[in-house]
>>> print(open('run-v5.txt').read())   # compact mmCIF, C-alpha atoms and all ligand atoms
# COMPACT_ATOMS: atom_id res chain seq x y z
CA MET A 1 -45.61 -13.41 -11.52
CA THR A 2 -49.40 -13.20 -11.85
CA GLU A 3 -51.04 -15.75 -14.08
CA LEU A 4 -51.68 -14.71 -17.70
CA ASN A 5 -55.17 -13.30 -18.15
CA LEU A 6 -56.59 -15.10 -21.19
CA GLU A 7 -59.97 -13.41 -20.75
CA LEU A 8 -58.64 -9.95 -21.44
CA ASN A 9 -60.15 -9.62 -24.86
CA LYS A 10 -63.87 -9.91 -25.19
CA ASN A 11 -63.89 -10.11 -28.99
CA THR A 12 -63.66 -13.80 -29.84
CA THR A 13 -65.54 -13.64 -33.15
CA GLY A 14 -62.46 -13.82 -35.35
CA ARG A 15 -63.51 -10.57 -37.03
CA TYR A 16 -61.81 -7.25 -36.45
CA GLY A 17 -64.17 -4.87 -38.17
CA GLU A 18 -64.28 -6.19 -41.72
CA TYR A 19 -60.90 -7.88 -41.35
CA GLY A 20 -59.91 -11.34 -40.15
CA GLY A 21 -62.14 -14.32 -40.90
CA GLN A 22 -61.37 -17.80 -42.20
CA TYR A 23 -60.66 -17.99 -45.93
CA ILE A 24 -59.36 -21.50 -46.09
CA PRO A 25 -59.98 -24.82 -47.91
CA GLU A 26 -62.56 -27.28 -46.60
CA THR A 27 -59.96 -29.77 -45.24
CA LEU A 28 -58.53 -27.16 -42.92
CA MET A 29 -61.87 -25.67 -41.82
CA ASN A 30 -62.63 -28.73 -39.75
CA GLN A 31 -59.24 -28.47 -38.01
CA LEU A 32 -59.71 -24.76 -37.36
CA ASP A 33 -63.11 -25.47 -35.80
CA LEU A 34 -61.59 -28.15 -33.56
CA MET A 35 -58.77 -25.78 -32.62
CA THR A 36 -61.20 -22.97 -31.82
CA GLN A 37 -63.29 -25.25 -29.60
CA ALA A 38 -60.20 -26.62 -27.88
CA TYR A 39 -58.82 -23.15 -27.22
CA GLU A 40 -62.11 -21.82 -25.87
CA HIS A 41 -62.19 -24.82 -23.54
CA TYR A 42 -58.59 -24.90 -22.35
CA LYS A 43 -58.21 -21.18 -21.80
CA ASN A 44 -60.67 -21.58 -18.92
CA ASP A 45 -59.14 -24.83 -17.69
CA PRO A 46 -57.22 -24.27 -14.41
CA GLU A 47 -54.81 -27.14 -15.09
CA PHE A 48 -53.93 -25.80 -18.57
CA LYS A 49 -53.44 -22.31 -17.16
CA THR A 50 -51.14 -23.57 -14.42
CA GLU A 51 -49.08 -25.55 -16.93
CA LEU A 52 -48.83 -22.48 -19.18
CA HIS A 53 -47.85 -20.29 -16.26
CA ASP A 54 -45.17 -22.69 -15.03
CA LEU A 55 -43.63 -22.99 -18.50
CA LEU A 56 -43.60 -19.21 -18.94
CA VAL A 57 -41.85 -18.77 -15.61
CA ASP A 58 -39.58 -21.80 -15.32
CA TYR A 59 -38.78 -22.44 -18.96
CA ALA A 60 -39.11 -19.14 -20.85
CA ASN A 61 -37.62 -17.04 -18.00
CA ARG A 62 -40.57 -14.70 -17.43
CA PRO A 63 -41.25 -12.06 -16.32
CA SER A 64 -38.88 -10.29 -18.70
CA LEU A 65 -37.17 -7.17 -17.36
CA LEU A 66 -38.43 -3.66 -17.88
CA TYR A 67 -35.26 -1.63 -18.20
CA TYR A 68 -34.98 2.15 -17.88
CA ALA A 69 -32.67 3.15 -20.76
CA LYS A 70 -30.97 6.08 -19.04
CA ARG A 71 -28.33 6.81 -21.67
CA MET A 72 -30.81 6.59 -24.54
CA THR A 73 -33.21 8.85 -22.65
CA GLU A 74 -30.44 11.43 -22.14
CA ASP A 75 -29.18 11.11 -25.69
CA LEU A 76 -32.59 11.65 -27.28
CA GLY A 77 -33.56 14.33 -24.76
CA GLY A 78 -37.33 13.77 -24.78
CA ALA A 79 -39.35 10.87 -23.39
CA GLN A 80 -38.27 8.68 -20.49
CA ILE A 81 -37.54 5.46 -22.38
CA TYR A 82 -38.12 1.99 -20.97
CA LEU A 83 -37.28 -1.20 -22.87
CA LYS A 84 -39.30 -4.37 -22.38
CA ARG A 85 -36.55 -6.96 -22.68
CA GLU A 86 -38.26 -9.76 -24.63
CA ASP A 87 -34.83 -10.59 -26.04
CA LEU A 88 -33.95 -12.07 -22.64
CA ASN A 89 -36.52 -14.86 -22.98
CA HIS A 90 -35.26 -18.35 -23.72
CA THR A 91 -34.47 -18.60 -27.48
CA GLY A 92 -34.02 -14.83 -27.66
CA ALA A 93 -37.35 -13.28 -28.68
CA HIS A 94 -41.02 -12.91 -27.78
CA LYS A 95 -41.91 -15.83 -30.09
CA ILE A 96 -41.62 -18.37 -27.28
CA ASN A 97 -44.63 -16.85 -25.40
CA ASN A 98 -46.93 -17.81 -28.25
CA VAL A 99 -45.25 -21.10 -29.11
CA ILE A 100 -45.58 -22.39 -25.54
CA GLY A 101 -49.31 -21.60 -25.62
CA GLN A 102 -50.01 -23.16 -29.02
CA ALA A 103 -47.82 -26.22 -28.43
CA LEU A 104 -49.49 -26.85 -25.09
CA LEU A 105 -52.86 -26.67 -26.83
CA ALA A 106 -51.56 -29.10 -29.49
CA LYS A 107 -50.48 -31.51 -26.78
CA HIS A 108 -53.89 -31.37 -25.11
CA MET A 109 -55.54 -31.94 -28.51
CA GLY A 110 -53.51 -35.16 -28.81
CA LYS A 111 -51.24 -33.93 -31.62
CA THR A 112 -47.73 -35.36 -31.85
CA ARG A 113 -46.24 -33.36 -34.70
CA LEU A 114 -45.68 -29.59 -34.94
CA ILE A 115 -45.13 -27.73 -38.18
CA ALA A 116 -44.28 -24.06 -38.50
CA GLU A 117 -43.20 -21.38 -40.93
CA THR A 118 -40.32 -19.10 -40.15
CA GLY A 119 -38.79 -15.95 -41.65
CA ALA A 120 -35.66 -14.91 -39.83
CA GLY A 121 -35.75 -18.20 -37.97
CA GLN A 122 -36.80 -17.07 -34.47
CA HIS A 123 -40.23 -18.66 -34.64
CA GLY A 124 -38.77 -21.86 -36.09
CA VAL A 125 -36.18 -22.03 -33.33
CA ALA A 126 -38.84 -21.45 -30.65
CA THR A 127 -41.07 -24.17 -32.16
CA ALA A 128 -38.18 -26.64 -32.49
CA THR A 129 -37.25 -25.94 -28.86
CA ILE A 130 -40.73 -26.60 -27.48
CA ALA A 131 -41.14 -29.66 -29.72
CA ALA A 132 -37.93 -31.05 -28.20
CA LEU A 133 -39.21 -30.24 -24.70
CA PHE A 134 -42.53 -31.99 -25.33
CA GLY A 135 -41.01 -34.90 -27.28
CA MET A 136 -42.89 -33.99 -30.45
CA GLU A 137 -41.85 -34.26 -34.10
CA CYS A 138 -41.09 -30.90 -35.71
CA GLU A 139 -40.83 -29.67 -39.31
CA VAL A 140 -40.16 -26.06 -40.23
CA PHE A 141 -40.79 -24.37 -43.58
CA MET A 142 -38.43 -21.54 -44.44
CA GLY A 143 -37.95 -19.61 -47.67
CA LYS A 144 -34.75 -20.70 -49.44
CA GLU A 145 -33.62 -17.06 -49.46
CA ASP A 146 -33.99 -16.97 -45.66
CA THR A 147 -32.22 -20.31 -45.10
CA ASP A 148 -29.24 -18.75 -46.88
CA ARG A 149 -29.18 -15.46 -44.98
CA GLN A 150 -30.05 -16.97 -41.58
CA LYS A 151 -27.92 -20.12 -41.68
CA LEU A 152 -27.20 -20.11 -37.96
CA ASN A 153 -30.88 -20.46 -37.07
CA VAL A 154 -31.23 -23.35 -39.54
CA TYR A 155 -28.36 -25.03 -37.71
CA ARG A 156 -30.00 -24.41 -34.31
CA MET A 157 -33.31 -25.93 -35.48
CA GLU A 158 -31.51 -28.99 -36.82
CA LEU A 159 -29.55 -29.38 -33.60
CA LEU A 160 -32.88 -29.40 -31.77
CA GLY A 161 -34.03 -32.29 -33.94
CA ALA A 162 -36.29 -30.39 -36.34
CA LYS A 163 -36.37 -30.93 -40.08
CA VAL A 164 -36.02 -27.68 -42.03
CA HIS A 165 -37.59 -27.50 -45.51
CA PRO A 166 -36.15 -24.76 -47.75
CA VAL A 167 -39.11 -23.40 -49.77
CA THR A 168 -38.26 -22.63 -53.38
CA SER A 169 -41.65 -21.39 -54.64
CA GLY A 170 -42.51 -17.70 -55.20
CA SER A 171 -39.88 -15.27 -53.98
CA MET A 172 -38.60 -17.92 -51.52
CA VAL A 173 -39.29 -15.85 -48.40
CA LEU A 174 -41.67 -15.81 -45.41
CA LYS A 175 -44.97 -15.56 -47.33
CA ASP A 176 -43.96 -18.58 -49.43
CA ALA A 177 -43.02 -20.50 -46.27
CA ILE A 178 -46.54 -19.87 -44.87
CA ASN A 179 -48.07 -21.16 -48.11
CA ALA A 180 -45.91 -24.29 -47.95
CA ALA A 181 -46.78 -24.92 -44.28
CA LEU A 182 -50.52 -24.51 -44.97
CA GLN A 183 -50.24 -26.93 -47.89
CA GLU A 184 -48.36 -29.47 -45.79
CA TRP A 185 -50.95 -29.15 -43.03
CA ALA A 186 -53.80 -29.81 -45.48
CA THR A 187 -52.18 -33.11 -46.46
CA ARG A 188 -51.73 -34.33 -42.87
CA VAL A 189 -54.10 -32.93 -40.26
CA ASP A 190 -54.68 -35.92 -37.98
CA ASP A 191 -51.49 -35.81 -35.93
CA THR A 192 -50.25 -32.36 -36.95
CA PHE A 193 -50.71 -28.92 -35.41
CA TYR A 194 -49.61 -25.86 -37.38
CA VAL A 195 -47.99 -23.44 -34.93
CA MET A 196 -48.49 -20.00 -36.51
CA GLY A 197 -45.79 -17.49 -35.62
CA SER A 198 -47.54 -14.15 -35.79
CA ALA A 199 -50.92 -12.42 -35.56
CA THR A 200 -51.77 -13.61 -39.05
CA GLY A 201 -53.68 -16.40 -40.77
CA PRO A 202 -57.26 -17.56 -40.28
CA HIS A 203 -59.18 -17.41 -37.00
CA PRO A 204 -58.40 -18.57 -34.28
CA TYR A 205 -54.69 -17.83 -34.85
CA PRO A 206 -54.73 -14.03 -34.48
CA LEU A 207 -56.89 -14.41 -31.37
CA MET A 208 -54.59 -16.99 -29.75
CA VAL A 209 -51.44 -15.09 -30.67
CA ARG A 210 -52.90 -11.89 -29.19
CA ASP A 211 -53.86 -13.68 -25.97
CA PHE A 212 -50.54 -15.51 -25.53
CA GLN A 213 -48.46 -12.43 -26.36
CA SER A 214 -50.54 -10.16 -24.10
CA ILE A 215 -48.27 -11.31 -21.26
CA ILE A 216 -45.88 -8.57 -22.52
CA SER A 217 -48.25 -5.70 -21.70
CA GLN A 218 -49.68 -7.42 -18.63
CA GLU A 219 -46.17 -7.35 -17.19
CA SER A 220 -45.08 -3.96 -18.52
CA LYS A 221 -48.16 -2.29 -17.06
CA SER A 222 -47.49 -3.54 -13.56
CA GLN A 223 -43.71 -3.08 -13.83
CA LEU A 224 -44.16 0.55 -14.91
CA LYS A 225 -46.60 1.08 -12.08
CA ASP A 226 -43.99 -0.23 -9.62
CA GLN A 227 -41.17 1.82 -11.15
CA THR A 228 -42.96 5.10 -11.91
CA GLY A 229 -46.43 4.88 -10.37
CA LYS A 230 -47.93 5.75 -13.77
CA LEU A 231 -49.19 4.49 -17.08
CA PRO A 232 -46.92 5.15 -20.06
CA ASP A 233 -47.79 8.07 -22.39
CA MET A 234 -46.95 5.91 -25.38
CA VAL A 235 -46.18 2.28 -26.24
CA VAL A 236 -44.10 1.72 -29.38
CA ALA A 237 -43.60 -1.64 -31.09
CA CYS A 238 -42.27 -2.76 -34.47
CA VAL A 239 -44.76 -4.51 -36.77
CA GLY A 240 -43.80 -7.46 -38.94
CA GLY A 241 -46.75 -9.82 -38.72
CA GLY A 242 -47.84 -7.95 -35.60
CA SER A 243 -47.40 -10.36 -32.69
CA ASN A 244 -45.08 -8.37 -30.45
CA ALA A 245 -47.11 -5.24 -31.26
CA ILE A 246 -50.51 -6.67 -30.32
CA GLY A 247 -48.96 -8.27 -27.22
CA SER A 248 -47.40 -4.95 -26.21
CA PHE A 249 -50.66 -3.07 -26.81
CA ALA A 250 -53.32 -5.50 -25.54
CA ASN A 251 -53.49 -4.35 -21.92
CA TYR A 252 -53.48 -0.66 -22.87
CA ILE A 253 -56.24 -0.67 -25.51
CA ASP A 254 -58.83 0.39 -22.90
CA GLU A 255 -56.58 3.19 -21.59
CA PRO A 256 -57.45 6.31 -23.62
CA SER A 257 -54.44 8.25 -22.31
CA VAL A 258 -51.96 5.74 -23.72
CA GLN A 259 -50.94 6.27 -27.35
CA LEU A 260 -50.21 3.03 -29.19
CA VAL A 261 -47.71 3.30 -32.03
CA GLY A 262 -46.79 0.50 -34.46
CA ALA A 263 -43.67 1.09 -36.55
CA GLU A 264 -43.53 -0.62 -39.93
CA ALA A 265 -40.33 -1.17 -41.87
CA ALA A 266 -40.02 1.49 -44.57
CA GLY A 267 -37.14 -0.35 -46.25
CA LYS A 268 -35.62 1.93 -48.88
CA GLY A 269 -38.55 4.32 -48.35
CA VAL A 270 -42.37 4.19 -48.36
CA ASP A 271 -42.44 5.81 -51.80
CA THR A 272 -40.23 3.10 -53.31
CA ASN A 273 -41.20 -0.49 -54.13
CA LEU A 274 -38.53 -1.74 -51.73
CA THR A 275 -40.68 -1.36 -48.62
CA ALA A 276 -42.69 -3.34 -46.04
CA ALA A 277 -44.96 -0.39 -45.06
CA THR A 278 -48.37 -2.02 -45.45
CA VAL A 279 -50.51 0.72 -43.88
CA GLU A 280 -48.94 3.34 -46.11
CA ARG A 281 -48.89 1.36 -49.32
CA GLY A 282 -51.23 -1.61 -48.92
CA SER A 283 -54.84 -2.26 -49.87
CA ASP A 284 -57.55 -4.69 -48.75
CA GLY A 285 -57.19 -8.27 -49.88
CA ILE A 286 -57.44 -11.94 -48.91
CA PHE A 287 -54.35 -14.07 -48.47
CA HIS A 288 -53.05 -16.67 -45.99
CA GLY A 289 -56.63 -17.36 -44.89
CA MET A 290 -57.46 -13.85 -43.73
CA LYS A 291 -58.81 -10.54 -44.92
CA SER A 292 -56.28 -7.82 -44.22
CA MET A 293 -54.28 -5.11 -45.92
CA PHE A 294 -51.59 -6.33 -48.30
CA LEU A 295 -48.87 -5.01 -50.52
CA GLN A 296 -50.23 -6.23 -53.83
CA ASN A 297 -50.55 -5.30 -57.49
CA GLU A 298 -53.75 -4.43 -59.38
CA THR A 299 -54.54 -8.10 -60.00
CA GLY A 300 -54.08 -9.05 -56.34
CA GLN A 301 -50.66 -10.71 -56.69
CA ILE A 302 -48.61 -10.17 -53.55
CA ASN A 303 -45.71 -7.79 -54.14
CA PRO A 304 -42.19 -8.58 -53.00
CA VAL A 305 -41.47 -6.74 -49.75
CA TYR A 306 -38.23 -5.33 -48.57
CA SER A 307 -36.69 -4.69 -45.19
CA ILE A 308 -33.10 -5.04 -44.02
CA SER A 309 -34.60 -7.03 -41.12
CA ALA A 310 -35.47 -10.61 -42.13
CA GLY A 311 -38.26 -10.60 -39.50
CA LEU A 312 -40.14 -7.51 -40.71
CA ASP A 313 -40.54 -8.31 -44.41
CA TYR A 314 -44.14 -9.52 -44.28
CA PRO A 315 -46.54 -8.17 -46.93
CA ALA A 316 -49.62 -7.87 -44.67
CA LEU A 317 -50.78 -6.06 -41.61
CA ALA A 318 -51.79 -7.82 -38.43
CA GLN A 319 -55.56 -7.61 -38.62
CA ASN A 320 -56.12 -7.06 -34.93
CA THR A 321 -53.72 -4.14 -34.83
CA LEU A 322 -55.94 -2.38 -37.36
CA PRO A 323 -58.16 0.37 -35.93
C1 LIG B 401 -40.50 -12.25 -35.33
C2 LIG B 401 -39.89 -11.04 -34.88
C3 LIG B 401 -40.39 -9.78 -35.24
C4 LIG B 401 -41.57 -9.58 -36.16
O1 LIG B 401 -42.71 -10.32 -35.85
P1 LIG B 401 -43.98 -9.72 -35.12
O2 LIG B 401 -44.98 -10.81 -35.21
O3 LIG B 401 -44.40 -8.46 -35.83
O4 LIG B 401 -43.60 -9.44 -33.71
C5 LIG B 401 -39.76 -8.66 -34.76
N1 LIG B 401 -38.70 -8.75 -33.95
C6 LIG B 401 -38.19 -9.94 -33.56
C7 LIG B 401 -37.01 -9.97 -32.64
C8 LIG B 401 -38.77 -11.13 -34.00
O5 LIG B 401 -38.27 -12.30 -33.59
>>> encode(input="run-v5.txt", output="C-alpha cells")
Amino acid sequence: MTELNLELNKNTTGRYGEYGGQYIPETLMNQLDLMTQAYEHYKNDPEFKTELHDLLVDYANRPSLLYYAKRMTEDLGGAQIYLKREDLNHTGAHKINNVIGQALLAKHMGKTRLIAETGAGQHGVATATIAALFGMECEVFMGKEDTDRQKLNVYRMELLGAKVHPVTSGSMVLKDAINAALQEWATRVDDTFYVMGSATGPHPYPLMVRDFQSIISQESKSQLKDQTGKLPDMVVACVGGGSNAIGSFANYIDEPSVQLVGAEAAGKGVDTNLTAATVERGSDGIFHGMKSMFLQNETGQINPVYSISAGLDYPALAQNTLP
C-alpha cells in the first residue's frame, strides 16, 4: 500500500468559503492552536507518517477491498457498481482511519487521555480500541437515547476499558453528546485530547478528518485503475457528519469528469420534520464550534433530526463537503 498523502489538500485555512472557522470558548482556543501546530508539524514528519502507515496496514487491515457488485449491477441494470468495503476494517467502519490519525497525534502531543462523542457507537468503539492499543485512558459521551438503542456497542466500549457516559441533556442524541464532550474537554485540557468522529467541529478537526479519511479515495482511485483502467463516472457516499463522504471524494475533487454525490438521510421525507436532510431543509448557523448549515428553528435552536440509521441523524452538514 502506498503511504497516505497528507498533502493532498492545499486549503489549510480552516475556512471552506464562508463556512468552517473556530467558534469556541477561550479555554479551548489555546488547545486548538496547539493541535493545529502539532498537526502541521507531524503531517510532514517521516516517523509519524511511517507509524500511521504501519497502523493502517497492520492494525486496521488496509487497504480495504474494492468489490465489483455483479449481482447488484445486473439487478439495477445501469451503472457498473463497485463497493469500497470500509466495513472490513478493524472495528467495522471507516471511523478507525481517522481515530488512528488523531490518537497518534494525541500521543505525540503527550496526551494520556482520549475523550470522544459517539452516535451509533462506531466512533466510540474505534476510539476505545485505539486507546486500549496505546494504553491511554478513554471516556466516551453518548446520548442516553443512543446507549439504549445501541447497547451492544456500549458493551464493546466497556469491554475495551472505556468509561461510557450516557448524556441526558437536550434530546439525548449525538448532538448532545458532542456538547457534553466539548464541555468535559474545557474542564480538563492538559492531559486530554478530544477525538472528533466526523468532519465537524472547529478547525483543525474537519481538516484532519478529511486528510485521514482521504485514504479511502486514494485507494479506490488506484484500485479502479487496476480493475477497469478508468476513473469512475460517479462516487456516491452517505452523509451523516460527512467523514466517509469527504474521504471518498477527496482524491476526485480535481477530476472534472467524476461526479461526486452525497446522499443525506431523508427519514420520513424531506418535506416532513422527521428528516436529516440538511442541504434540503437547513440554513446557515453556528453550532459545535463551526459555521455550517443546520436544521434549526427561527430562533436558531437545533431541531430534532430523524433517520432510521443511528449514524446519520446529525443536524448539520460537513462544511468541507459544501460546494
Ligand atoms: C459514522 C458512520 C456514518 C456517518 O458518519 P460520516 O461521518 O458521515 O461518515 C455512516 N456509516 C457508518 C457505517 C458509520 O459508522
>>> residues_around(input="run-v5.txt", residues="stretch 101-117 of chain A", least_positions_apart="4", cutoff="7 Å", atoms="only C-alpha atoms", output="NGL selection string")
:A and (39 or 52 or 97 or 124 or 131 or 136-142 or 177-178 or 181 or 191-196 or 212)
>>> write_last_selection(input="run-v5.txt", atoms="C-alpha atoms", output="compact mmCIF listing (two decimals), in the frame of the given file")
# COMPACT_ATOMS: atom_id res chain seq x y z
CA TYR A 39 -58.82 -23.15 -27.22
CA LEU A 52 -48.83 -22.48 -19.18
CA ASN A 97 -44.63 -16.85 -25.40
CA GLY A 124 -38.77 -21.86 -36.09
CA ALA A 131 -41.14 -29.66 -29.72
CA MET A 136 -42.89 -33.99 -30.45
CA GLU A 137 -41.85 -34.26 -34.10
CA CYS A 138 -41.09 -30.90 -35.71
CA GLU A 139 -40.83 -29.67 -39.31
CA VAL A 140 -40.16 -26.06 -40.23
CA PHE A 141 -40.79 -24.37 -43.58
CA MET A 142 -38.43 -21.54 -44.44
CA ALA A 177 -43.02 -20.50 -46.27
CA ILE A 178 -46.54 -19.87 -44.87
CA ALA A 181 -46.78 -24.92 -44.28
CA ASP A 191 -51.49 -35.81 -35.93
CA THR A 192 -50.25 -32.36 -36.95
CA PHE A 193 -50.71 -28.92 -35.41
CA TYR A 194 -49.61 -25.86 -37.38
CA VAL A 195 -47.99 -23.44 -34.93
CA MET A 196 -48.49 -20.00 -36.51
CA PHE A 212 -50.54 -15.51 -25.53
>>> closest_residue(input="run-v5.txt", among="A:Glu264, A:Glu255, A:Asp271, A:Glu47", to="ligand LIG 401 (chain B)", atoms="only C-alpha atoms and all ligand atoms")
A:Glu264
>>> closest_residue(input="run-v5.txt", among="A:Leu4, A:His203, A:Pro232, A:Ile308", to="A:Arg149", atoms="all atoms listed in the file")
A:Ile308
>>> residues_near_ligand(input="run-v5.txt", ligand="ligand LIG 401 (chain B)", cutoff="7 Å", atoms="only C-alpha atoms and all ligand atoms", output="list in words")
Asp87, Ala93, His94, Lys95, Gln122, His123, Gly197, Ser198, Ala199, Cys238, Val239, Gly240, Gly241, Gly242, Ser243, Asn244, Ala245, Gly311 and Leu312 of chain A
>>> residues_around(input="run-v5.txt", residues="A:Lys291", least_positions_apart="3", cutoff="6 Å", atoms="only C-alpha atoms", output="ChimeraX atom specification")
/A:19-20,285-286
>>> closest_residue(input="run-v5.txt", among="A:Ala120, A:Ala277, A:Val236, A:Met1", to="A:Gly262", atoms="all atoms listed in the file")
A:Val236
>>> closest_residue(input="run-v5.txt", among="A:Thr200, A:Gln259, A:Gln227, A:Thr12", to="A:Phe294", atoms="all atoms listed in the file")
A:Thr200
>>> closest_residue(input="run-v5.txt", among="A:Val173, A:Ala265, A:Val235, A:Leu83", to="A:Ile253", atoms="all atoms listed in the file")
A:Val235
>>> closest_residue(input="run-v5.txt", among="A:Asp45, A:Asp176, A:Glu7, A:Asp54", to="A:His288", atoms="all atoms listed in the file")
A:Asp176
>>> residues_around(input="run-v5.txt", residues="A:Ser257", least_positions_apart="3", cutoff="10 Å", atoms="all atoms listed in the file", output="short mmCIF file (atom, residue, chain, number, x, y, z; two decimals) with C-alpha atoms, in the frame of the given file")
data_model
loop_
_atom_site.label_atom_id
_atom_site.label_comp_id
_atom_site.auth_asym_id
_atom_site.auth_seq_id
_atom_site.Cartn_x
_atom_site.Cartn_y
_atom_site.Cartn_z
CA LEU A 231 -49.19 4.49 -17.08
CA PRO A 232 -46.92 5.15 -20.06
CA ASP A 233 -47.79 8.07 -22.39
CA MET A 234 -46.95 5.91 -25.38
CA TYR A 252 -53.48 -0.66 -22.87
CA ILE A 253 -56.24 -0.67 -25.51
CA ASP A 254 -58.83 0.39 -22.90
CA LEU A 260 -50.21 3.03 -29.19
#
>>> residues_around(input="run-v5.txt", residues="A:Asn251", least_positions_apart="3", cutoff="10 Å", atoms="only C-alpha atoms", output="list in words")
Asn5, Leu8, Asn9, Ser214, Ile215, Ile216, Ser217, Gln218, Glu219, Ser220, Lys221, Ile246, Gly247, Ser248, Asp254 and Glu255 of chain A
>>> atom_distance(input="run-v5.txt", atom1="atom CA of A:Tyr42", atom2="atom CA of A:Arg62")
21.3 Å
>>> atom_distance(input="run-v5.txt", atom1="atom CA of A:Arg156", atom2="atom CA of A:Ser169")
23.6 Å
>>> atom_distance(input="run-v5.txt", atom1="atom CA of A:Gly121", atom2="atom CA of A:Asn153")
5.4 Å
>>> residues_around(input="run-v5.txt", residues="A:Ser171", least_positions_apart="3", cutoff="10 Å", atoms="only C-alpha atoms", output="count of residues only")
12
>>> axis_aligned_box(input="run-v5.txt", around="stretch 228-234 of chain A", padding_each_side="6 Å", output="lines of an AutoDock Vina configuration file")
center_x = -46.1
center_y = 6.3
center_z = -17.9
size_x = 18.2
size_y = 15.6
size_z = 27.0
